[in-house]
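Single-structure report; data block below.
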Amino acid sequence: MGHHLPNLIVDLALILSAGGVVTLIFKKLKQPLVLGYILAGFLISPHFDLLPTVRETSNINIWSEIGVIFLLFSLGLEFSFKKLGKVGGAASITALVEIIGVGFFGFVIGSILGWKTMDSLFLGGMLAMSSTTIIIRAFDELGLKTEKFVGVVFGTLIVEDLIAIIMMVLLSTIATSSGEAQNADIFQAILKLLFFLVLWFIAGIFFIPTMLKRTKKLMNDETLLIVSLALCLLMVVLAVEVGFSKELGAFIMGSILAETKQGEKIEHLVKPLKDLFGTIFFVSVGMLINPSMMLEYIVPIVILTFVTIFVKGFFTSTGAFLSGQPLKTSIQTGMSMAQIGEFSFIIATLGLSLGVISEFLYPIAVAVSAITTLTTPYMIKASVPIYEWVDRKMPKKLRDRLNKYTLNAQSASATKDWQKLIKVSLTNSVIYSVILISIIIASSRYLRPFISERFEFKLSNITTAFITLSAMAPFLWALVARNHHSELRNRLLLQDRYKGLVYLVSLVKMGLAVFFVIFMLRIFFSDVVAATATVIIFAFLIVFRKKIQRFYRVIEDRFKTNLNAREIEAAAQQQKDNRPAPELAPWDAHIATIQIPANSPVIGKKLKDLQWREQSGVNIACIHRGNHNIRIPNAEEHIYPYDEISVIGTDEQLANIQGLVAPKGHIDFVIDDPNVSLQAITITDDSPFIGKSIRNSGIKIKVKGLVVGIERDKVRHLNPESDWVIESGDIVWIVGDTGKISKLIG
């Protein structure tokens with residue numbers, strides 16, 4: 001008597017066998033594995049008769065949904081909100097211009113082709129998403145990871161990831177809304193998303209790292225994996241319960257765990273699961289490919305491929321240039337991101353699951369992705385020749401204007417004190433408002449019913465209000481008095497023109513605090529009682545402000561410790577961080593940080609003996625040695641093993657330094673010190689530096705830095721001598737302390 005084998009096991013055997021064979025072939029051909037999985041899915045689909053076919057696609061669809069969850073969870077582990085905060089304005093502007101431009105263009109193309117509105121909307125979202133996997137593979141193969149434009153690309157991809165999550169929420173809202181209510185629904189969805197993003201991130205960082213730390217001795221690899229997956233799936237359930245997608249929940253939990261000390265280990269443990277279920281997801285994508293449908297829609301495929309390669313390249317290049325990048329960097333960035341990939345499939349899956357897009361859209365996206373994947377390396381290679389051709393053909397006046405715009409955009413990047421005050425105040429107000437609203441909602445929905453079952457009505461209201469106010473007190477203090485005596489605020493109070501702004505900001509924060517107290521009290525009492533109690537409560541807060549402040553400091557210290565635990569541990573162990581260097585560039589030069597290997601021939605030598613500036617044209621901005629930073633080191637400083645040295649130069653100059661530091665091997669580029677930057681100062685007629693030499697100007701003392709370039713009458717002078725006399729109209733490029741340079745510019 002034979003044994004019956006469930007179809008699910010047979011189907012999995014078929015999927016993994018096909019995926020394994022095809023991906024081995026794709027590895028041999030040096031092609032992306034994602035395309036191999038999609039091809040494997042097609043080969044075992046009902047549309048291909050020469051091989052066995054999957055029997056129960058419904059089971060496979062459930063597994064592929066799990067695959068999407070783990071893909072987004074892993075993406076969150078690689079993402080990190082702190083990483084988003086470090087990518088800078090250039091990447092944000094580039095991503096926004098690209099996504100808005102390409103998304104709108106895709107919608108228009110879909111409308112011209114006569115497709116439904118929802119098809120056109122989802123098409124725009126799919127075309128706007130570039131493929132991180134494909135781009136990284138192309139950079140690895142071409143050996144371009146140290147070049148300047150790569151930092152802009154990686155930063156833009158990070159911003160894209162977050163925008164993709166937001167886009168999925170908005171597309172879901174639009175798809176489930178109708179008619180007149182749509183605009184209000186979209187606005188409500190945005191506010192709801194922002195509220196829960198802030199709440200989940202703050203609560204997650206406050207509780208989860210502490211829980212993992214206290215259970216560390218009990219955590220082996222198996223337990224850590226189970227706990228991590230449990231947290232992921234719990235957040236998926238929570239996200240769905242409050243009206244968001246499962247993808248958002250998985251992404252958020254991944255980004256929270258990314259900030260913990262165990263983040264890297266969790267990422268490593270989850271990778272096999274991500275690979276397994278991700279394979280099933282991409283194979284299921286391939287199973288939806290219908291060759292006859294692709295032949296029927298061959299014209300849209302060709303059109304959308306053209307849009308992805310050229311239109312997307314144009315908008316990305318435009319965004320990079322508008323953000324202040326040089327023309328060469330902008331073109332290289334745009335041509336590197338001219339493809340679609342994983343997130344496009346996930347967006348298409350969302351549309352299908354909601355039943356709002358046509359079935360033909362999925363195979364079209366797969367076809368466009370396959371073609372643009374193959375063209376990506378050639379586009380990257382062609383970017384420099386295209387830039388050189390554009391530069392040769394461009395009229396001189398236009399070239400000068402573009403160069404001037406780039407310099408002005410980079411010079412304007414310094415943030416003035418009043419802008420910092422508004423930014424800090426707005427950020428703090430949003431965070432504390434979310435926390436206070438959450439406390440009030442939790443109190444009214446859960447605490448009040450619990451207490452009312454045990455006490456009479458009036459007593460239960462008083463008790464609930466008292467407990468709620470006690471929980472709100474530290475955050476009310478933080479909203480009103482946090483940074484009240486900060487150096488930034490005191491500096492602005494010394495300037496008469498900014499005193500009004502400082503007092504207005506304080507008044508607004510006070511008004512916001514009063515609003516939350518009255519709002520909370522009106523849930524339990526009448527308006528008169530609420531107004532009277534508010535006065536008493538604020539008097540109480542003033543009397544006990546020191547105790548409340550101490551309690552808040554404990555909360556804040558816990559949050560900061562958890563948030564920075566990974567960096568603190570990394571610094572203590574002198575671990576490497578392989579993120580690309582930030583963009584801070586005059587002309588074609590930029591900052592990169594390299595780690596000196598233990599066998600480097602430069603070890604033990606003084607900087608004056610190395611003569612890097614004289615031989616290669618680079619300047620040394622900083623030496624990171626353990627927890628010690630030597631900014632603008634002098635010529636007598638020695639080089640030691642594992643020093644991290646921030647150097648300024650062009651792509652070619654940095655490549656030469658690689659040869660000097662590790663002539664027989666590879667060196668790693670690591671993250672820069674955010675407190676050291678490269679900025680431009682335009683010398684005006686009233687500047688105190690006019691008529692003084694660089695040596696006598698005092699710039700080095702004022703900014704703890706050095707002058708690395710001067711532009712005069714559109715002529716560029718890199719590494720000017722110290723006796724160079726500064727004149728009005730000069731554009732002076734300085735590397736040094738970020739805050740001091742910003743103050744000098746302001």
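Naming works like this for the structure tokens: A, B, ... for the chains as they're shown, residue 1 at the start of each chain, ligands 1 onward in shown order.
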
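The neighbours of segment 531-535 of chain A here are the residues that come within 12 Å of it, using only C-alpha atoms and leaving out any residue fewer than 3 positions away in the same chain; they are Ile462, Ala465, Phe466, Leu469, Gly511, Ala513, Val514, Phe515, Phe516, Val517, Ile518, Phe519, Met520, Leu521, Arg522, Phe524, Phe525, Ser526, Asp527, Val528, Phe538, Ala539, Phe540, Leu541 and Ile542 of chain A.
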
Env of Val311 of chain A: 9 Å cut, atoms = only C-alpha atoms, seq-sep filter 2 positions within chain, self excluded. Answer as a list of chain:residue names. A:Gly101, A:Val102, A:Phe105, A:Phe306, A:Val307, A:Thr308, A:Ile309, A:Gly313, A:Phe314, A:Phe315, A:Thr316, A:Ala338

How would the residues just picked look written out with N, CA, C and O atoms as a JSON list (two decimals), in the first residue's frame?
[["chain", "number", "residue", "atom", "x", "y", "z"],
["A", 101, "GLY", "N", 8.77, 62.32, -10.48],
["A", 101, "GLY", "CA", 8.85, 62.46, -11.94],
["A", 101, "GLY", "C", 8.50, 61.16, -12.65],
["A", 101, "GLY", "O", 7.65, 61.14, -13.54],
["A", 102, "VAL", "N", 9.14, 60.06, -12.25],
["A", 102, "VAL", "CA", 8.91, 58.77, -12.92],
["A", 102, "VAL", "C", 7.51, 58.26, -12.62],
["A", 102, "VAL", "O", 6.84, 57.71, -13.51],
["A", 105, "PHE", "N", 5.11, 60.20, -14.77],
["A", 105, "PHE", "CA", 5.31, 59.81, -16.17],
["A", 105, "PHE", "C", 4.69, 58.43, -16.43],
["A", 105, "PHE", "O", 4.05, 58.20, -17.46],
["A", 306, "PHE", "N", 11.86, 51.60, -22.40],
["A", 306, "PHE", "CA", 12.45, 52.89, -22.81],
["A", 306, "PHE", "C", 12.29, 53.93, -21.69],
["A", 306, "PHE", "O", 13.24, 54.65, -21.36],
["A", 307, "VAL", "N", 11.09, 53.98, -21.09],
["A", 307, "VAL", "CA", 10.83, 54.94, -20.00],
["A", 307, "VAL", "C", 11.76, 54.66, -18.82],
["A", 307, "VAL", "O", 12.36, 55.58, -18.24],
["A", 308, "THR", "N", 11.91, 53.38, -18.47],
["A", 308, "THR", "CA", 12.74, 53.02, -17.32],
["A", 308, "THR", "C", 14.20, 53.39, -17.54],
["A", 308, "THR", "O", 14.87, 53.93, -16.65],
["A", 309, "ILE", "N", 14.71, 53.12, -18.75],
["A", 309, "ILE", "CA", 16.12, 53.38, -19.02],
["A", 309, "ILE", "C", 16.41, 54.86, -19.18],
["A", 309, "ILE", "O", 17.34, 55.40, -18.56],
["A", 313, "GLY", "N", 16.39, 57.55, -15.88],
["A", 313, "GLY", "CA", 17.76, 58.07, -15.80],
["A", 313, "GLY", "C", 17.78, 59.58, -15.80],
["A", 313, "GLY", "O", 18.55, 60.21, -15.05],
["A", 314, "PHE", "N", 16.91, 60.20, -16.62],
["A", 314, "PHE", "CA", 16.86, 61.67, -16.70],
["A", 314, "PHE", "C", 16.39, 62.28, -15.38],
["A", 314, "PHE", "O", 17.01, 63.21, -14.86],
["A", 315, "PHE", "N", 15.29, 61.77, -14.83],
["A", 315, "PHE", "CA", 14.76, 62.35, -13.60],
["A", 315, "PHE", "C", 15.72, 62.14, -12.41],
["A", 315, "PHE", "O", 15.86, 63.02, -11.57],
["A", 316, "THR", "N", 16.36, 60.97, -12.35],
["A", 316, "THR", "CA", 17.31, 60.73, -11.26],
["A", 316, "THR", "C", 18.51, 61.66, -11.39],
["A", 316, "THR", "O", 18.98, 62.23, -10.39],
["A", 338, "ALA", "N", 18.72, 53.09, -13.53],
["A", 338, "ALA", "CA", 17.75, 52.94, -14.62],
["A", 338, "ALA", "C", 17.30, 51.49, -14.76],
["A", 338, "ALA", "O", 17.56, 50.84, -15.76]]

Determine the nearest neighbour of Phe551 of chain A from the options A:Leu327, A:Ile109, A:Ala471, A:Tyr378, counting only C-alpha atoms. A:Ala471

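Minimum distance to Glu727 of chain A across A:Leu678, A:Ala239, A:Thr684, A:Gly709 (counting only C-alpha atoms) occurs at A:Thr684.
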
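The smallest atom-to-atom distance between Leu354 of chain A and any of A:Ile536, A:Ala175, A:Leu113, A:Ala13, using only C-alpha atoms, is found for A:Ala175.
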
Could you list, as a ChimeraX atom specification, every residue within 8 Å of Ala258 of chain A, counting only C-alpha atoms and ignoring same-chain residues fewer than 6 positions away? /A:76-80,264
